[in-house]
$ cat coords11.txt   # compact mmCIF, C-alpha atoms
# COMPACT_ATOMS: atom_id res chain seq x y z
CA MET P 18 15.32 31.32 1.19
CA SER P 19 14.65 29.33 4.32
CA GLN P 20 12.48 30.93 6.99
CA PRO P 21 14.13 31.86 10.32
CA ASN P 22 14.38 28.94 12.74
CA GLN P 23 13.28 26.55 10.00
CA PRO P 24 15.69 23.82 8.82
CA LYS P 25 16.87 24.19 5.25
CA ALA P 26 15.37 21.76 2.75
CA LEU P 27 17.62 18.82 1.95
CA PRO P 28 19.18 18.72 -1.54
CA PHE P 29 17.24 16.78 -4.18
CA GLN P 30 19.56 13.75 -4.16
CA TYR P 31 18.83 13.04 -0.48
CA GLN P 32 15.07 13.30 -1.01
CA PHE P 33 15.40 11.01 -4.04
CA ILE P 34 17.39 8.40 -2.08
CA ALA P 35 14.85 8.49 0.77
CA GLY P 36 11.98 7.99 -1.69
CA ALA P 37 13.77 5.11 -3.42
CA ILE P 38 14.50 3.36 -0.10
CA ALA P 39 10.87 3.79 0.96
CA GLY P 40 9.57 2.49 -2.37
CA VAL P 41 11.77 -0.61 -2.35
CA SER P 42 10.79 -1.32 1.28
CA GLU P 43 7.11 -1.15 0.36
CA ILE P 44 7.54 -3.40 -2.69
CA LEU P 45 9.47 -6.11 -0.82
CA THR P 46 6.94 -6.09 2.03
CA PHE P 47 3.70 -6.16 0.05
CA TYR P 48 4.55 -7.61 -3.39
CA PRO P 49 2.67 -10.96 -3.00
CA LEU P 50 -0.55 -8.96 -2.65
CA ASP P 51 0.17 -7.36 -6.03
CA VAL P 52 0.50 -10.78 -7.68
CA VAL P 53 -2.83 -11.90 -6.22
CA LYS P 54 -4.45 -8.62 -7.26
CA THR P 55 -3.32 -9.05 -10.87
CA ARG P 56 -4.53 -12.66 -11.02
CA MET P 57 -7.98 -11.61 -9.78
CA GLN P 58 -8.19 -8.74 -12.28
CA LEU P 59 -7.24 -10.93 -15.24
CA GLU P 60 -10.05 -13.38 -14.42
CA GLN P 61 -13.13 -12.76 -16.53
CA GLY P 62 -16.39 -13.74 -14.90
CA VAL P 63 -16.40 -14.77 -11.23
CA SER P 64 -13.01 -14.43 -9.56
CA PRO P 65 -11.93 -16.48 -6.52
CA SER P 66 -11.52 -14.64 -3.25
CA MET P 67 -8.17 -13.24 -2.17
CA MET P 68 -7.48 -16.08 0.28
CA THR P 69 -8.51 -18.71 -2.30
CA SER P 70 -6.19 -17.09 -4.83
CA PHE P 71 -3.34 -17.17 -2.32
CA ARG P 72 -3.95 -20.84 -1.54
CA ASN P 73 -4.26 -21.79 -5.21
CA ILE P 74 -1.00 -20.09 -6.16
CA ILE P 75 0.94 -21.69 -3.30
CA ALA P 76 -0.60 -25.15 -3.80
CA GLN P 77 -0.35 -25.23 -7.60
CA GLU P 78 2.73 -23.12 -8.33
CA GLY P 79 4.73 -22.84 -5.11
CA VAL P 80 5.45 -19.96 -2.73
CA GLY P 81 8.08 -18.53 -5.07
CA ARG P 82 5.36 -17.67 -7.59
CA LEU P 83 4.16 -14.96 -5.21
CA TYR P 84 7.33 -13.05 -6.12
CA LYS P 85 7.14 -13.67 -9.88
CA GLY P 86 7.74 -10.42 -11.75
CA LEU P 87 9.44 -8.71 -8.80
CA VAL P 88 12.45 -7.48 -10.81
CA PRO P 89 10.65 -4.91 -13.03
CA PRO P 90 9.11 -2.90 -10.14
CA LEU P 91 12.44 -2.95 -8.29
CA LEU P 92 14.24 -1.65 -11.39
CA LEU P 93 11.49 0.92 -11.89
CA GLU P 94 11.64 2.36 -8.39
CA ALA P 95 14.64 4.68 -8.83
CA PRO P 96 13.57 6.33 -12.14
CA LYS P 97 9.95 6.49 -10.95
CA ARG P 98 10.94 8.30 -7.75
CA ALA P 99 13.18 10.70 -9.66
CA VAL P 100 10.33 11.59 -12.03
CA LYS P 101 7.76 11.78 -9.21
CA PHE P 102 9.86 14.16 -7.09
CA ALA P 103 10.81 16.33 -10.07
CA ALA P 104 7.22 16.40 -11.37
CA ASN P 105 5.76 17.21 -7.95
CA ASP P 106 8.22 20.06 -7.55
CA PHE P 107 7.62 21.39 -11.07
CA TRP P 108 3.82 21.18 -11.03
CA GLY P 109 3.58 22.46 -7.45
CA LYS P 110 5.61 25.57 -8.30
CA THR P 111 3.70 26.01 -11.58
CA TYR P 112 0.24 25.86 -10.01
CA ARG P 113 1.19 28.02 -7.03
CA GLY P 114 2.56 30.61 -9.48
CA MET P 115 -0.60 30.47 -11.59
CA SER P 116 -2.83 30.91 -8.52
CA GLY P 117 -0.66 33.69 -7.08
CA THR P 118 0.00 31.95 -3.75
CA THR P 119 3.04 30.59 -1.97
CA GLU P 120 1.02 28.18 0.17
CA MET P 121 -0.18 24.74 -0.89
CA THR P 122 -3.94 24.16 -0.58
CA GLN P 123 -5.92 20.93 -0.87
CA SER P 124 -7.12 21.76 -4.38
CA LEU P 125 -3.55 22.55 -5.44
CA SER P 126 -2.36 19.31 -3.80
CA ILE P 127 -4.92 17.32 -5.81
CA LEU P 128 -4.02 19.11 -9.04
CA THR P 129 -0.29 18.72 -8.41
CA GLY P 130 -0.69 15.03 -7.54
CA MET P 131 -2.75 14.31 -10.65
CA SER P 132 -0.27 16.11 -12.90
CA ALA P 133 2.71 14.36 -11.32
CA GLY P 134 0.95 10.99 -11.64
CA ALA P 135 0.22 11.62 -15.31
CA THR P 136 3.86 12.55 -15.87
CA GLU P 137 5.08 9.50 -13.97
CA SER P 138 2.95 7.16 -16.09
CA PHE P 139 5.18 7.64 -19.14
CA VAL P 140 8.09 6.05 -17.24
CA VAL P 141 6.01 3.31 -15.62
CA VAL P 142 4.33 1.64 -18.63
CA PRO P 143 7.11 -0.66 -19.96
CA PHE P 144 7.92 -1.98 -16.48
CA GLU P 145 4.24 -2.56 -15.67
CA LEU P 146 3.73 -4.39 -18.96
CA VAL P 147 6.61 -6.78 -18.27
CA LYS P 148 5.41 -7.33 -14.69
CA ILE P 149 1.86 -8.18 -15.81
CA LYS P 150 3.17 -10.66 -18.40
CA LEU P 151 5.21 -12.43 -15.71
CA GLN P 152 2.42 -12.42 -13.11
CA ASP P 153 -0.14 -14.00 -15.45
CA LYS P 154 -0.90 -17.61 -14.50
CA ALA P 155 -0.59 -18.69 -18.15
CA THR P 156 2.84 -17.11 -18.62
CA THR P 157 5.61 -19.17 -20.22
CA PHE P 158 8.23 -16.45 -19.82
CA LYS P 159 11.14 -17.28 -17.53
CA GLY P 160 12.21 -13.69 -16.81
CA PRO P 161 11.88 -10.02 -17.75
CA ILE P 162 14.55 -10.07 -20.47
CA GLU P 163 12.66 -12.79 -22.33
CA VAL P 164 9.44 -10.76 -22.11
CA VAL P 165 11.14 -7.63 -23.49
CA GLN P 166 12.74 -9.56 -26.36
CA HIS P 167 9.41 -11.18 -27.25
CA ILE P 168 7.48 -7.88 -27.24
CA ILE P 169 10.04 -5.98 -29.31
CA LYS P 170 10.38 -8.85 -31.80
CA ASN P 171 6.62 -9.15 -32.34
CA ASP P 172 5.32 -5.63 -31.74
CA GLY P 173 8.32 -3.36 -32.15
CA LEU P 174 9.69 -0.91 -29.61
CA LEU P 175 6.34 0.89 -29.31
CA GLY P 176 4.87 -2.43 -28.18
CA MET P 177 6.51 -1.74 -24.82
CA TYR P 178 3.96 1.05 -24.38
CA LYS P 179 0.88 -1.15 -24.65
CA GLY P 180 -1.63 0.12 -22.09
CA MET P 181 -0.16 3.63 -21.99
CA GLU P 182 -3.54 5.38 -21.93
CA SER P 183 -4.99 3.22 -19.13
CA THR P 184 -1.78 3.59 -17.11
CA PHE P 185 -2.05 7.37 -17.54
CA TRP P 186 -5.53 7.41 -16.00
CA ARG P 187 -4.59 4.91 -13.27
CA HIS P 188 -1.71 7.08 -12.02
CA LEU P 189 -3.56 10.36 -12.46
CA TRP P 190 -6.45 9.29 -10.22
CA TRP P 191 -4.32 7.50 -7.61
CA ASN P 192 -1.90 10.38 -7.11
CA GLY P 193 -4.70 12.95 -7.01
CA GLY P 194 -6.55 10.95 -4.37
CA PHE P 195 -3.41 10.17 -2.36
CA PHE P 196 -1.85 13.63 -2.21
CA GLY P 197 -5.16 15.44 -1.81
CA SER P 198 -6.09 13.15 1.08
CA ILE P 199 -2.81 13.30 2.99
CA PHE P 200 -2.88 17.11 2.80
CA GLN P 201 -6.32 17.22 4.43
CA VAL P 202 -5.71 14.41 6.95
CA ARG P 203 -2.47 16.03 8.15
CA LYS P 204 -4.41 19.25 8.80
CA MET P 205 -7.06 17.34 10.78
CA LEU P 206 -4.64 15.38 12.96
CA PRO P 207 -3.40 16.96 16.20
CA LYS P 208 0.06 18.48 15.95
CA GLN P 209 2.62 16.13 17.44
CA GLU P 210 5.47 17.41 19.55
CA THR P 211 7.57 14.23 19.45
CA TYR P 212 9.40 12.46 16.63
CA ALA P 213 7.43 9.24 17.22
CA GLY P 214 4.17 11.19 17.14
CA GLY P 215 5.15 12.76 13.83
CA LEU P 216 5.86 9.32 12.36
CA LEU P 217 2.44 8.13 13.57
CA ASN P 218 0.74 11.07 11.86
CA ASN P 219 2.62 10.27 8.65
CA PHE P 220 1.55 6.63 8.82
CA ILE P 221 -2.10 7.52 9.45
CA SER P 222 -2.29 10.14 6.70
CA GLY P 223 -0.43 7.89 4.24
CA SER P 224 -2.73 4.96 4.99
CA VAL P 225 -5.87 7.06 4.51
CA GLY P 226 -4.41 8.51 1.31
CA GLY P 227 -3.53 5.02 0.06
CA PHE P 228 -7.09 3.81 0.68
CA ILE P 229 -8.72 6.76 -1.08
CA GLY P 230 -6.29 6.62 -4.00
CA THR P 231 -6.97 2.89 -4.38
CA ALA P 232 -10.75 3.36 -4.24
CA LEU P 233 -10.49 5.92 -7.04
CA ASN P 234 -8.10 4.08 -9.35
CA THR P 235 -8.99 0.38 -9.04
CA PRO P 236 -11.39 0.37 -12.04
CA PHE P 237 -8.63 1.88 -14.18
CA ASP P 238 -6.18 -0.71 -12.82
CA VAL P 239 -8.56 -3.53 -13.81
CA VAL P 240 -8.73 -2.17 -17.36
CA LYS P 241 -4.95 -1.74 -17.50
CA SER P 242 -4.41 -5.35 -16.42
CA ARG P 243 -6.87 -6.61 -19.06
CA ILE P 244 -5.25 -4.53 -21.83
CA GLN P 245 -1.66 -5.44 -20.94
CA GLY P 246 -2.41 -9.07 -20.11
CA ALA P 247 -4.22 -9.91 -23.36
CA PRO P 248 -2.05 -11.52 -26.07
CA ARG P 249 -1.87 -9.61 -29.35
CA VAL P 250 -3.49 -11.39 -32.28
CA LYS P 251 -2.70 -9.96 -35.71
CA GLY P 252 -5.77 -8.81 -37.61
CA VAL P 253 -8.02 -9.00 -34.54
CA VAL P 254 -9.22 -5.86 -32.74
CA PRO P 255 -8.50 -6.25 -28.99
CA LYS P 256 -11.54 -6.67 -26.79
CA TYR P 257 -10.13 -4.15 -24.34
CA ASN P 258 -8.48 -1.20 -26.04
CA TRP P 259 -9.38 2.27 -24.75
CA THR P 260 -9.96 2.88 -21.04
CA TYR P 261 -13.41 4.42 -20.69
CA PRO P 262 -15.16 2.18 -23.27
CA SER P 263 -13.53 -0.81 -21.52
CA LEU P 264 -14.92 0.34 -18.15
CA VAL P 265 -18.41 0.33 -19.66
CA LEU P 266 -17.84 -3.06 -21.35
CA ILE P 267 -16.65 -4.77 -18.15
CA ALA P 268 -19.52 -3.30 -16.12
CA ARG P 269 -22.07 -4.42 -18.74
CA GLU P 270 -20.71 -7.96 -19.15
CA GLU P 271 -19.60 -8.77 -15.60
CA GLY P 272 -21.41 -6.24 -13.42
CA PHE P 273 -20.19 -3.07 -11.75
CA ALA P 274 -18.43 -5.04 -8.98
CA ALA P 275 -16.04 -6.48 -11.59
CA LEU P 276 -14.45 -3.03 -11.84
CA TYR P 277 -13.24 -3.58 -8.28
CA LYS P 278 -11.70 -7.01 -8.79
CA GLY P 279 -8.55 -7.28 -6.75
CA PHE P 280 -9.58 -4.33 -4.57
CA VAL P 281 -9.00 -6.15 -1.27
CA PRO P 282 -5.38 -7.22 -1.89
CA LYS P 283 -4.73 -3.87 -3.62
CA VAL P 284 -6.02 -1.82 -0.68
CA LEU P 285 -4.30 -4.10 1.83
CA ARG P 286 -1.09 -3.28 0.00
CA LEU P 287 -1.53 0.41 -0.82
CA ALA P 288 -3.30 1.65 2.32
CA PRO P 289 -0.65 0.50 4.83
CA GLY P 290 1.87 0.76 1.97
CA GLY P 291 1.14 4.48 1.70
CA GLY P 292 1.74 4.77 5.43
CA VAL P 293 4.97 2.79 5.18
CA LEU P 294 6.15 5.03 2.34
CA LEU P 295 5.69 8.25 4.31
CA LEU P 296 7.08 6.71 7.49
CA VAL P 297 10.26 5.38 5.84
CA VAL P 298 10.76 8.59 3.85
CA GLU P 299 10.56 10.74 6.97
CA ALA P 300 12.77 8.40 9.01
CA THR P 301 15.41 8.36 6.26
CA LEU P 302 15.31 12.14 5.79
CA THR P 303 15.70 12.60 9.55
CA MET P 304 18.76 10.36 9.49
CA PHE P 305 20.24 12.46 6.65
CA ARG P 306 19.52 15.72 8.49
CA LYS P 307 21.27 14.49 11.62
CA ALA P 308 24.25 13.27 9.60
CA LEU P 309 24.60 16.57 7.70
CA GLY P 310 23.93 18.82 10.67
CA PRO P 311 23.10 22.54 10.41
CA PRO P 312 21.47 24.14 8.48
CA TYR P 313 19.40 20.99 7.82
CA ILE P 314 18.32 20.43 11.44

$ encode --input "coords11.txt" --output "structure tokens"
Amino acid sequence: MSQPNQPKALPFQYQFIAGAIAGVSEILTFYPLDVVKTRMQLEQGVSPSMMTSFRNIIAQEGVGRLYKGLVPPLLLEAPKRAVKFAANDFWGKTYRGMSGTTEMTQSLSILTGMSAGATESFVVVPFELVKIKLQDKATTFKGPIEVVQHIIKNDGLLGMYKGMESTFWRHLWWNGGFFGSIFQVRKMLPKQETYAGGLLNNFISGSVGGFIGTALNTPFDVVKSRIQGAPRVKGVVPKYNWTYPSLVLIAREEGFAALYKGFVPKVLRLAPGGGVLLLVVEATLTMFRKALGPPYI
């Protein structure tokens, strides 16, 4: 039951719609940075800087190439948000029940975020695989349907889950870092009495959470890009296969810094992107509350 003088929580479908709108807004705003990030991660050896990568893509392939592979993440956003919200709710209730508390703590936020991220990864993999194939500079695919047909024809339906294990770790660490951070940052920020102040707090906490999540998961993202970007050669064991051995291999061959290839465009996307997500979610939920009226306001 809702507490006295507290607005009732919005039904799931409204929270889902708000999350989907926020996710699509973030993708459309920051997607070129994701393309540059992937290109830098796929480079073995010395990678060009972010600005050099931007200039090279525009000069050699045209501005439109910065949006190559945009369709898969847009199609993914709705099912990903549905799974994320449902998983967060399920794991949050589960861990609070196991710990015998009704209040969320930072440790429970981290645990809930990691579990929700791991759950979410099972939905994400096929879309991420298609996106990576389209973002690769050497790609000959014209669109996502062609990529899917090629993978299923050559590798079977399970081929769509190439990179599952690395995606699992990537999402586990990012969500743990993000949700654990925003919980703590929100507690540290002064309580705002105005709507605009509340949005500012959401943007700050989301940006900090996005930075910390990115710092934690970038090495796993590099491995995921290498695994999913490599063409399959029959009879040949892939150079990059399992996540943790691949982390060691990349660090040994290219140096520890190689595990953070693409970090700058990634953090420039996901730090403010995390802020944008929380800001748009809260703004959309507020709009729904006002439209529905009591008991939601």

$ closest_atom_pairs --input "coords11.txt" --of "segment 106-143 of chain P" --to "segment 180-197 of chain P" --cutoff "8 Å" --atoms "all atoms listed in the file" --output "JSON lines"
{"residue": "P:Gln123", "atom": "CA", "partner": "P:Gly197", "partner_atom": "CA", "distance": 5.6}
{"residue": "P:Ser124", "atom": "CA", "partner": "P:Gly197", "partner_atom": "CA", "distance": 7.1}
{"residue": "P:Ser126", "atom": "CA", "partner": "P:Gly197", "partner_atom": "CA", "distance": 5.2}
{"residue": "P:Ile127", "atom": "CA", "partner": "P:Gly197", "partner_atom": "CA", "distance": 4.4}
{"residue": "P:Leu128", "atom": "CA", "partner": "P:Gly193", "partner_atom": "CA", "distance": 6.5}
{"residue": "P:Thr129", "atom": "CA", "partner": "P:Gly193", "partner_atom": "CA", "distance": 7.4}
{"residue": "P:Gly130", "atom": "CA", "partner": "P:Gly193", "partner_atom": "CA", "distance": 4.5}
{"residue": "P:Met131", "atom": "CA", "partner": "P:Gly193", "partner_atom": "CA", "distance": 4.3}
{"residue": "P:Ser132", "atom": "CA", "partner": "P:Leu189", "partner_atom": "CA", "distance": 6.6}
{"residue": "P:Ala133", "atom": "CA", "partner": "P:Asn192", "partner_atom": "CA", "distance": 7.4}
{"residue": "P:Gly134", "atom": "CA", "partner": "P:Leu189", "partner_atom": "CA", "distance": 4.6}
{"residue": "P:Ala135", "atom": "CA", "partner": "P:Leu189", "partner_atom": "CA", "distance": 4.9}
{"residue": "P:Glu137", "atom": "CA", "partner": "P:His188", "partner_atom": "CA", "distance": 7.5}
{"residue": "P:Ser138", "atom": "CA", "partner": "P:Phe185", "partner_atom": "CA", "distance": 5.2}
{"residue": "P:Phe139", "atom": "CA", "partner": "P:Met181", "partner_atom": "CA", "distance": 7.3}
{"residue": "P:Val141", "atom": "CA", "partner": "P:Thr184", "partner_atom": "CA", "distance": 7.9}
{"residue": "P:Val142", "atom": "CA", "partner": "P:Met181", "partner_atom": "CA", "distance": 6.0}

$ residues_around --input "coords11.txt" --residues "Lys101 of chain P" --least-positions-apart "2" --cutoff "9 Å" --atoms "only C-alpha atoms" --output "list of chain:residue names"
P:Pro96, P:Lys97, P:Arg98, P:Ala99, P:Ala103, P:Ala104, P:Asn105, P:Asp106, P:Ala133, P:Gly134, P:Thr136, P:Glu137

$ closest_atom_pairs --input "coords11.txt" --of "segment 145-174 of chain P" --to "segment 231-241 of chain P" --cutoff "12 Å" --atoms "only C-alpha atoms" --output "tab-separated table"
residue	atom	partner	partner_atom	distance
P:Glu145	CA	P:Lys241	CA	9.4
P:Leu146	CA	P:Lys241	CA	9.2
P:Ile149	CA	P:Lys241	CA	9.5

$ atom_distance --input "coords11.txt" --atom1 "atom CA of Gly290 of chain P" --atom2 "atom CA of Ala95 of chain P"
17.2 Å

$ residues_around --input "coords11.txt" --residues "segment 265-279 of chain P" --least-positions-apart "3" --cutoff "9 Å" --atoms "all atoms listed in the file" --output "PyMOL selection string"
chain P and resi 51+53-64+66-67+232+235-240+257+260-262+282-284

$ atom_distance --input "coords11.txt" --atom1 "atom CA of Lys85 of chain P" --atom2 "atom CA of Val52 of chain P"
7.6 Å

$ residues_near_point --input "coords11.txt" --point "(19.8, 23.7, 14.1)" --cutoff "10 Å" --atoms "all atoms listed in the file" --output "NGL selection string"
:P and (22-25 or 306-307 or 310-314)

$ atom_distance --input "coords11.txt" --atom1 "atom CA of Ile221 of chain P" --atom2 "atom CA of Ala26 of chain P"
23.5 Å

$ closest_residue --input "coords11.txt" --among "P:Leu87, P:Ile75, P:Ile199, P:Leu125" --to "Asn219 of chain P" --atoms "only C-alpha atoms"
P:Ile199

$ closest_residue --input "coords11.txt" --among "P:Thr119, P:Gln32, P:Thr111, P:Ser70" --to "Glu299 of chain P" --atoms "all atoms listed in the file"
P:Gln32

$ closest_residue --input "coords11.txt" --among "P:Val140, P:Gln152, P:Asp172, P:Leu294" --to "Leu216 of chain P" --atoms "only C-alpha atoms"
P:Leu294

$ residues_around --input "coords11.txt" --residues "Val293 of chain P" --least-positions-apart "4" --cutoff "12 Å" --atoms "only C-alpha atoms" --output "NGL selection string"
:P and (36 or 38-47 or 216-227 or 286-289 or 297-301)

$ decode --input "coords11.txt" --residues "segment 194-204 of chain P" --atoms "all heavy atoms" --output "PDB file, in the first residue's frame"
ATOM      1  N   GLY P 194      27.673  -0.917 -11.277  1.00  0.00           N
ATOM      2  CA  GLY P 194      28.318   0.370 -11.052  1.00  0.00           C
ATOM      3  C   GLY P 194      27.355   1.529 -11.156  1.00  0.00           C
ATOM      4  O   GLY P 194      27.385   2.469 -10.346  1.00  0.00           O
ATOM      5  N   PHE P 195      26.452   1.476 -12.145  1.00  0.00           N
ATOM      6  CA  PHE P 195      25.514   2.579 -12.380  1.00  0.00           C
ATOM      7  C   PHE P 195      24.521   2.722 -11.235  1.00  0.00           C
ATOM      8  O   PHE P 195      24.395   3.782 -10.622  1.00  0.00           O
ATOM      9  CB  PHE P 195      24.776   2.351 -13.697  1.00  0.00           C
ATOM     10  CG  PHE P 195      23.757   3.413 -14.029  1.00  0.00           C
ATOM     11  CD1 PHE P 195      24.168   4.654 -14.503  1.00  0.00           C
ATOM     12  CD2 PHE P 195      22.401   3.177 -13.883  1.00  0.00           C
ATOM     13  CE1 PHE P 195      23.242   5.640 -14.815  1.00  0.00           C
ATOM     14  CE2 PHE P 195      21.465   4.145 -14.191  1.00  0.00           C
ATOM     15  CZ  PHE P 195      21.889   5.384 -14.665  1.00  0.00           C
ATOM     16  N   PHE P 196      23.813   1.631 -10.905  1.00  0.00           N
ATOM     17  CA  PHE P 196      22.764   1.722  -9.896  1.00  0.00           C
ATOM     18  C   PHE P 196      23.328   1.903  -8.491  1.00  0.00           C
ATOM     19  O   PHE P 196      22.737   2.599  -7.659  1.00  0.00           O
ATOM     20  CB  PHE P 196      21.849   0.500  -9.969  1.00  0.00           C
ATOM     21  CG  PHE P 196      20.933   0.528 -11.152  1.00  0.00           C
ATOM     22  CD1 PHE P 196      21.152  -0.312 -12.245  1.00  0.00           C
ATOM     23  CD2 PHE P 196      19.873   1.409 -11.215  1.00  0.00           C
ATOM     24  CE1 PHE P 196      20.322  -0.276 -13.353  1.00  0.00           C
ATOM     25  CE2 PHE P 196      19.030   1.456 -12.316  1.00  0.00           C
ATOM     26  CZ  PHE P 196      19.254   0.613 -13.383  1.00  0.00           C
ATOM     27  N   GLY P 197      24.482   1.279  -8.223  1.00  0.00           N
ATOM     28  CA  GLY P 197      25.109   1.494  -6.926  1.00  0.00           C
ATOM     29  C   GLY P 197      25.566   2.922  -6.742  1.00  0.00           C
ATOM     30  O   GLY P 197      25.438   3.510  -5.651  1.00  0.00           O
ATOM     31  N   SER P 198      26.047   3.541  -7.822  1.00  0.00           N
ATOM     32  CA  SER P 198      26.536   4.918  -7.758  1.00  0.00           C
ATOM     33  C   SER P 198      25.404   5.917  -7.603  1.00  0.00           C
ATOM     34  O   SER P 198      25.481   6.828  -6.771  1.00  0.00           O
ATOM     35  CB  SER P 198      27.337   5.256  -9.019  1.00  0.00           C
ATOM     36  OG  SER P 198      28.448   4.419  -9.155  1.00  0.00           O
ATOM     37  N   ILE P 199      24.341   5.762  -8.414  1.00  0.00           N
ATOM     38  CA  ILE P 199      23.270   6.764  -8.348  1.00  0.00           C
ATOM     39  C   ILE P 199      22.575   6.715  -6.985  1.00  0.00           C
ATOM     40  O   ILE P 199      22.119   7.747  -6.485  1.00  0.00           O
ATOM     41  CB  ILE P 199      22.251   6.623  -9.497  1.00  0.00           C
ATOM     42  CG1 ILE P 199      21.501   5.291  -9.443  1.00  0.00           C
ATOM     43  CG2 ILE P 199      22.918   6.820 -10.835  1.00  0.00           C
ATOM     44  CD1 ILE P 199      20.389   5.198 -10.482  1.00  0.00           C
ATOM     45  N   PHE P 200      22.516   5.534  -6.369  1.00  0.00           N
ATOM     46  CA  PHE P 200      21.933   5.437  -5.024  1.00  0.00           C
ATOM     47  C   PHE P 200      22.725   6.293  -4.050  1.00  0.00           C
ATOM     48  O   PHE P 200      22.158   7.069  -3.273  1.00  0.00           O
ATOM     49  CB  PHE P 200      21.916   3.982  -4.566  1.00  0.00           C
ATOM     50  CG  PHE P 200      21.348   3.800  -3.181  1.00  0.00           C
ATOM     51  CD1 PHE P 200      19.988   3.612  -2.991  1.00  0.00           C
ATOM     52  CD2 PHE P 200      22.172   3.823  -2.058  1.00  0.00           C
ATOM     53  CE1 PHE P 200      19.461   3.455  -1.714  1.00  0.00           C
ATOM     54  CE2 PHE P 200      21.656   3.670  -0.786  1.00  0.00           C
ATOM     55  CZ  PHE P 200      20.299   3.484  -0.608  1.00  0.00           C
ATOM     56  N   GLN P 201      24.056   6.163  -4.092  1.00  0.00           N
ATOM     57  CA  GLN P 201      24.905   6.896  -3.149  1.00  0.00           C
ATOM     58  C   GLN P 201      24.949   8.382  -3.467  1.00  0.00           C
ATOM     59  O   GLN P 201      24.889   9.225  -2.557  1.00  0.00           O
ATOM     60  CB  GLN P 201      26.322   6.311  -3.161  1.00  0.00           C
ATOM     61  CG  GLN P 201      27.230   6.869  -2.077  1.00  0.00           C
ATOM     62  CD  GLN P 201      26.727   6.556  -0.678  1.00  0.00           C
ATOM     63  OE1 GLN P 201      26.075   5.535  -0.454  1.00  0.00           O
ATOM     64  NE2 GLN P 201      26.999   7.441   0.269  1.00  0.00           N
ATOM     65  N   VAL P 202      25.049   8.744  -4.752  1.00  0.00           N
ATOM     66  CA  VAL P 202      25.131  10.153  -5.132  1.00  0.00           C
ATOM     67  C   VAL P 202      23.846  10.885  -4.769  1.00  0.00           C
ATOM     68  O   VAL P 202      23.874  12.027  -4.284  1.00  0.00           O
ATOM     69  CB  VAL P 202      25.426  10.299  -6.646  1.00  0.00           C
ATOM     70  CG1 VAL P 202      25.339  11.761  -7.082  1.00  0.00           C
ATOM     71  CG2 VAL P 202      26.805   9.738  -6.969  1.00  0.00           C
ATOM     72  N   ARG P 203      22.701  10.247  -4.989  1.00  0.00           N
ATOM     73  CA  ARG P 203      21.424  10.871  -4.623  1.00  0.00           C
ATOM     74  C   ARG P 203      21.363  11.168  -3.126  1.00  0.00           C
ATOM     75  O   ARG P 203      20.811  12.183  -2.698  1.00  0.00           O
ATOM     76  CB  ARG P 203      20.271   9.956  -5.016  1.00  0.00           C
ATOM     77  CG  ARG P 203      19.886  10.053  -6.483  1.00  0.00           C
ATOM     78  CD  ARG P 203      18.883   8.983  -6.844  1.00  0.00           C
ATOM     79  NE  ARG P 203      18.289   9.220  -8.163  1.00  0.00           N
ATOM     80  CZ  ARG P 203      17.572   8.324  -8.821  1.00  0.00           C
ATOM     81  NH1 ARG P 203      17.373   7.121  -8.291  1.00  0.00           N
ATOM     82  NH2 ARG P 203      17.053   8.615  -9.998  1.00  0.00           N
ATOM     83  N   LYS P 204      21.933  10.273  -2.306  1.00  0.00           N
ATOM     84  CA  LYS P 204      21.954  10.497  -0.861  1.00  0.00           C
ATOM     85  C   LYS P 204      22.867  11.663  -0.496  1.00  0.00           C
ATOM     86  O   LYS P 204      22.604  12.392   0.463  1.00  0.00           O
ATOM     87  CB  LYS P 204      22.439   9.232  -0.138  1.00  0.00           C
ATOM     88  CG  LYS P 204      21.409   8.104  -0.096  1.00  0.00           C
ATOM     89  CD  LYS P 204      21.931   6.910   0.681  1.00  0.00           C
ATOM     90  CE  LYS P 204      22.204   7.256   2.121  1.00  0.00           C
ATOM     91  NZ  LYS P 204      22.641   6.067   2.909  1.00  0.00           N
TER      92      LYS P 204
END
